[in-house]
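Data from structure.cif: mmCIF, C-alpha atoms
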data_target
#
loop_
_atom_site.label_atom_id
_atom_site.label_comp_id
_atom_site.auth_asym_id
_atom_site.auth_seq_id
_atom_site.Cartn_x
_atom_site.Cartn_y
_atom_site.Cartn_z
CA MET A 1020 107.58 97.22 -71.97
CA THR A 1021 109.53 99.56 -74.13
CA ARG A 1022 111.13 98.39 -77.33
CA ILE A 1023 114.64 98.50 -75.84
CA VAL A 1024 113.65 96.15 -73.03
CA LEU A 1025 112.21 93.69 -75.51
CA ALA A 1026 115.13 94.03 -77.90
CA MET A 1027 117.78 93.56 -75.21
CA LEU A 1028 115.96 90.65 -73.59
CA LEU A 1029 115.67 89.01 -76.98
CA VAL A 1030 119.35 89.59 -77.65
CA ALA A 1031 120.32 88.08 -74.32
CA SER A 1032 118.01 85.10 -74.42
CA VAL A 1033 118.57 84.11 -78.06
CA GLY A 1034 122.32 84.42 -77.77
CA ALA A 1035 122.53 82.63 -74.47
CA ALA A 1036 120.57 79.71 -75.79
CA GLN A 1037 122.79 79.44 -78.87
CA ARG A 1038 126.25 80.05 -77.35
CA THR A 1039 126.26 78.04 -74.14
CA PRO A 1040 125.67 74.37 -73.46
CA ALA A 1041 123.55 75.01 -70.36
CA PRO A 1042 120.60 77.41 -70.50
CA ILE A 1043 121.12 80.86 -69.01
CA PRO A 1044 118.05 82.63 -67.63
CA ASP A 1045 116.61 85.28 -69.92
CA GLY A 1046 117.99 88.71 -69.32
CA MET A 1047 121.35 87.51 -67.98
CA PRO A 1048 123.87 88.04 -70.77
CA PHE A 1049 126.78 87.89 -68.31
CA GLY A 1050 125.79 84.43 -67.06
CA HIS A 1051 123.64 83.56 -64.08
CA VAL A 1052 124.05 86.14 -61.31
CA GLY A 1053 122.27 85.39 -58.06
CA ASP A 1054 122.02 87.03 -54.65
CA ALA A 1055 125.16 85.26 -53.42
CA ASP A 1056 127.11 86.67 -56.40
CA VAL A 1057 125.89 90.17 -55.59
CA ASP A 1058 126.86 89.69 -51.92
CA ARG A 1059 130.38 88.56 -52.93
CA PHE A 1060 130.60 91.50 -55.30
CA GLN A 1061 129.59 93.84 -52.47
CA GLU A 1062 132.44 92.47 -50.34
CA PHE A 1063 134.85 92.87 -53.26
CA ALA A 1064 133.76 96.47 -53.89
CA LEU A 1065 134.12 97.39 -50.21
CA LYS A 1066 137.59 95.81 -49.97
CA ARG A 1067 138.85 97.03 -53.33
CA ALA A 1068 137.68 100.64 -53.19
CA GLY A 1069 135.55 101.18 -50.11
CA PHE A 1070 132.59 101.30 -52.48
CA ASP A 1071 129.22 100.40 -50.98
CA LEU A 1072 127.40 99.20 -54.07
CA LYS A 1073 124.20 98.29 -52.27
CA ALA A 1074 123.91 101.73 -50.68
CA GLU A 1075 124.63 103.46 -53.99
CA MET A 1076 122.10 101.32 -55.86
CA ALA A 1077 119.52 102.04 -53.14
CA ARG A 1078 120.11 105.74 -53.82
CA VAL A 1079 119.81 105.18 -57.57
CA TYR A 1080 116.50 103.36 -57.14
CA SER A 1081 115.02 105.72 -54.57
CA SER A 1082 111.50 105.07 -53.35
CA ASP A 1083 110.24 108.42 -54.62
CA ASN A 1084 111.01 107.45 -58.25
CA LYS A 1085 113.46 110.34 -58.59
CA LEU A 1086 116.82 109.31 -60.01
CA ASP A 1087 119.88 110.12 -57.91
CA GLU A 1088 122.15 111.03 -60.80
CA ASP A 1089 125.22 111.40 -58.58
CA ALA A 1090 124.78 107.87 -57.22
CA LEU A 1091 124.36 106.47 -60.74
CA GLY A 1092 127.49 108.36 -61.78
CA ARG A 1093 129.41 106.75 -58.91
CA VAL A 1094 128.16 103.31 -59.98
CA PHE A 1095 129.31 104.07 -63.53
CA SER A 1096 132.71 105.25 -62.27
CA PHE A 1097 133.23 101.99 -60.39
CA SER A 1098 133.45 100.27 -63.79
CA ARG A 1099 137.11 101.33 -63.97
CA GLN A 1100 138.00 98.95 -61.11
CA PHE A 1101 138.15 95.92 -63.43
CA ASN A 1102 141.02 94.59 -65.52
CA THR A 1103 139.47 91.33 -66.71
CA LEU A 1104 136.00 89.99 -67.36
CA ASP A 1105 136.08 87.91 -64.18
CA LYS A 1106 133.18 86.95 -61.91
CA TYR A 1107 133.14 90.40 -60.31
CA ALA A 1108 133.14 92.23 -63.63
CA ARG A 1109 130.37 89.94 -64.89
CA THR A 1110 128.29 90.67 -61.80
CA TYR A 1111 128.89 94.38 -62.30
CA GLY A 1112 127.96 94.00 -65.97
CA GLN A 1113 124.69 92.35 -65.03
CA ILE A 1114 123.95 95.13 -62.55
CA ILE A 1115 124.62 97.80 -65.20
CA TYR A 1116 122.61 95.92 -67.82
CA SER A 1117 119.68 95.58 -65.40
CA SER A 1118 119.95 99.25 -64.44
CA LEU A 1119 119.55 100.25 -68.08
CA LEU A 1120 116.50 98.04 -68.45
CA ASN A 1121 114.91 99.22 -65.20
CA LEU A 1122 115.83 102.89 -65.38
CA GLY A 1123 115.19 103.02 -69.11
CA GLU A 1124 111.65 101.98 -68.30
CA GLN A 1125 111.36 104.33 -65.29
CA ILE A 1126 113.06 107.55 -66.49
CA GLY A 1127 113.79 106.83 -70.15
CA VAL A 1128 116.94 105.78 -71.93
CA GLU A 1129 117.81 109.37 -72.85
CA ALA A 1130 117.90 110.47 -69.18
CA TYR A 1131 120.08 107.44 -68.35
CA VAL A 1132 122.47 108.28 -71.18
CA LYS A 1133 122.68 111.92 -70.08
CA VAL A 1134 124.14 110.74 -66.76
CA LEU A 1135 126.58 108.50 -68.62
CA ASP A 1136 127.61 111.33 -70.94
CA ARG A 1137 128.69 113.44 -67.94
CA GLN A 1138 131.31 110.82 -66.99
CA SER A 1139 134.93 110.74 -68.16
CA PRO A 1140 135.56 109.31 -71.64
CA GLU A 1141 137.12 106.18 -70.07
CA VAL A 1142 134.05 105.55 -67.92
CA GLN A 1143 131.72 106.19 -70.86
CA GLN A 1144 133.64 103.67 -72.98
CA ARG A 1145 133.70 101.04 -70.23
CA VAL A 1146 130.00 101.34 -69.38
CA ARG A 1147 129.01 101.33 -73.04
CA ASP A 1148 131.18 98.22 -73.50
CA PHE A 1149 129.29 96.51 -70.67
CA LEU A 1150 125.98 97.59 -72.23
CA TYR A 1151 127.06 96.47 -75.70
CA TYR A 1152 128.25 93.06 -74.49
CA PRO A 1153 124.76 91.48 -74.84
CA MET A 1154 125.03 92.14 -78.60
CA LEU A 1155 127.83 89.56 -78.65
CA GLN A 1156 125.25 86.99 -77.57
CA VAL A 1157 123.44 87.39 -80.89
CA PRO A 1158 124.57 84.93 -83.56
CA LYS A 1159 127.11 86.62 -85.84
CA GLU A 1160 124.84 86.40 -88.88
CA HIS A 1161 122.22 88.56 -87.07
CA ARG A 1162 124.51 90.80 -85.01
CA LYS A 1163 124.82 93.66 -87.51
CA GLU A 1164 121.05 93.81 -87.89
CA ALA A 1165 120.55 93.88 -84.10
CA GLU A 1166 123.22 96.55 -83.67
CA ASP A 1167 121.79 98.70 -86.48
CA GLU A 1168 118.31 98.47 -84.96
CA THR A 1169 119.58 99.43 -81.49
CA ARG A 1170 121.64 102.33 -82.83
CA ARG A 1171 118.68 103.57 -84.87
CA MET A 1172 116.28 103.40 -81.93
CA TYR A 1173 118.72 104.83 -79.36
CA PRO A 1174 121.42 106.83 -81.13
CA THR A 1175 122.82 108.29 -77.91
CA LEU A 1176 123.32 104.92 -76.20
CA PHE A 1177 125.81 103.74 -78.83
CA PRO A 1178 126.63 106.91 -80.75
CA VAL A 1179 128.24 106.99 -84.18
CA GLY A 1180 131.92 106.47 -83.49
CA PHE A 1181 131.35 104.12 -80.56
CA GLN A 1182 133.55 101.08 -81.07
CA PHE A 1183 133.17 98.14 -78.72
CA GLY A 1184 136.35 97.44 -76.75
CA ARG A 1185 138.31 100.46 -78.02
CA GLY A 1186 141.19 100.95 -75.60
CA ASP A 1187 139.49 98.68 -73.08
CA PRO A 1188 141.54 95.68 -71.90
CA ILE A 1189 138.46 93.84 -70.63
CA PHE A 1190 136.72 93.89 -73.99
CA ALA A 1191 139.67 94.16 -76.39
CA ASP A 1192 139.15 90.56 -77.49
CA PRO A 1193 135.81 90.38 -79.34
CA LYS A 1194 135.34 86.78 -78.16
CA THR A 1195 134.83 87.91 -74.55
#
Represent the supplied structure as structure tokens.
Amino acid sequence: MTRIVLAMLLVASVGAAQRTPAPIPDGMPFGHVGDADVDRFQEFALKRAGFDLKAEMARVYSSDNKLDEDALGRVFSFSRQFNTLDKYARTYGQIIYSSLLNLGEQIGVEAYVKVLDRQSPEVQQRVRDFLYYPMLQVPKEHRKEAEDETRRMYPTLFPVGFQFGRGDPIFADPKT
């Protein structure tokens, strides 16, 4: 596993164990998301925007191990459909978080970030907010250290000047 996978899994699992009364499975910083949640999210996405998430994700994770950057860009763009951190946004967040872990391992974090950097500033902010959210699971006394380590290892993922929740109604309240 790469260092980012280990670091983000640690962030998610340590924080989840310390912030919630019931255990949350490792690697699920947005709460438990199962197949039924993804199915409900698929219905929501189709109704809300005619967006076929499953088809787009199948394109992203093609069988020939070649990233479909356009499909990933469309998945990123869908992030603008949310106004609150409700069950659909949390499912989306888990999907984005998992895509970073999986694609970061497959194609590298830098290639993933290059696709993100081609999106509009609003989409970049929203997706980075979703990806930063697991940092909020780290106890406050260790959060700065975890953030500094992540920024040092992957300066393009959370570039200098990135501010969590800036202009983003979903993440404007740091307690989210």
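Using all atoms listed in the file, the shortest contact distance between Phe1060 of chain A and any of A:Arg1162, A:Arg1145, A:Arg1093, A:Arg1109 is found at A:Arg1109.
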If the PyMOL selection byres ((chain A and resi 1152) around 9) is run on the structure shown, which residues does it catch, given as a ChimeraX atom specification?
-> /A:1048-1049,1112,1147-1151,1153-1156,1183,1190,1195
Apply the PyMOL selection byres ((chain A and resi 1095) around 12) to the displayed file and report the matching residues as a PyMOL selection string.
-> chain A and resi 1070+1072+1075-1076+1079+1088-1094+1096-1100+1111-1112+1114-1116+1118-1119+1131-1132+1134-1150
Write the residues of the selection above to a file with C-alpha atoms, as a compact mmCIF listing (two decimals), in the coordinates of the input.
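In the end it all went to again00.txt:
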# COMPACT_ATOMS: atom_id res chain seq x y z
CA PHE A 1070 132.59 101.30 -52.48
CA LEU A 1072 127.40 99.20 -54.07
CA GLU A 1075 124.63 103.46 -53.99
CA MET A 1076 122.10 101.32 -55.86
CA VAL A 1079 119.81 105.18 -57.57
CA GLU A 1088 122.15 111.03 -60.80
CA ASP A 1089 125.22 111.40 -58.58
CA ALA A 1090 124.78 107.87 -57.22
CA LEU A 1091 124.36 106.47 -60.74
CA GLY A 1092 127.49 108.36 -61.78
CA ARG A 1093 129.41 106.75 -58.91
CA VAL A 1094 128.16 103.31 -59.98
CA SER A 1096 132.71 105.25 -62.27
CA PHE A 1097 133.23 101.99 -60.39
CA SER A 1098 133.45 100.27 -63.79
CA ARG A 1099 137.11 101.33 -63.97
CA GLN A 1100 138.00 98.95 -61.11
CA TYR A 1111 128.89 94.38 -62.30
CA GLY A 1112 127.96 94.00 -65.97
CA ILE A 1114 123.95 95.13 -62.55
CA ILE A 1115 124.62 97.80 -65.20
CA TYR A 1116 122.61 95.92 -67.82
CA SER A 1118 119.95 99.25 -64.44
CA LEU A 1119 119.55 100.25 -68.08
CA TYR A 1131 120.08 107.44 -68.35
CA VAL A 1132 122.47 108.28 -71.18
CA VAL A 1134 124.14 110.74 -66.76
CA LEU A 1135 126.58 108.50 -68.62
CA ASP A 1136 127.61 111.33 -70.94
CA ARG A 1137 128.69 113.44 -67.94
CA GLN A 1138 131.31 110.82 -66.99
CA SER A 1139 134.93 110.74 -68.16
CA PRO A 1140 135.56 109.31 -71.64
CA GLU A 1141 137.12 106.18 -70.07
CA VAL A 1142 134.05 105.55 -67.92
CA GLN A 1143 131.72 106.19 -70.86
CA GLN A 1144 133.64 103.67 -72.98
CA ARG A 1145 133.70 101.04 -70.23
CA VAL A 1146 130.00 101.34 -69.38
CA ARG A 1147 129.01 101.33 -73.04
CA ASP A 1148 131.18 98.22 -73.50
CA PHE A 1149 129.29 96.51 -70.67
CA LEU A 1150 125.98 97.59 -72.23
Go through A:Leu1176, A:Val1128, A:Leu1120, A:Ala1068 one by one, measure the shortest atom-to-atom distance of each to Met1047 of chain A using all atoms listed in the file, and give the residue with the smallest value.
-> A:Leu1120
What separates atom CA of Phe1101 of chain A and atom CA of Phe1177 of chain A is a distance of 21.2 Å
Atom CA of Asp1056 of chain A to atom CA of Thr1110 of chain A: how many Å, to one decimal?
-> 6.8 Å
Tell me which of A:Tyr1107, A:Asn1121, A:Phe1181, A:Thr1175 sits closest to Ala1055 of chain A, counting all atoms listed in the file.
->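 Among the listed residues, A:Tyr1107 lies closest to Ala1055 of chain A.
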Kindly give the distance, in Å, that separates atom CA of Thr1103 of chain A and atom CA of Ile1189 of chain A, rounded to a single decimal.
->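 Calculated distance between atom CA of Thr1103 of chain A and atom CA of Ile1189 of chain A is 4.8 Å.
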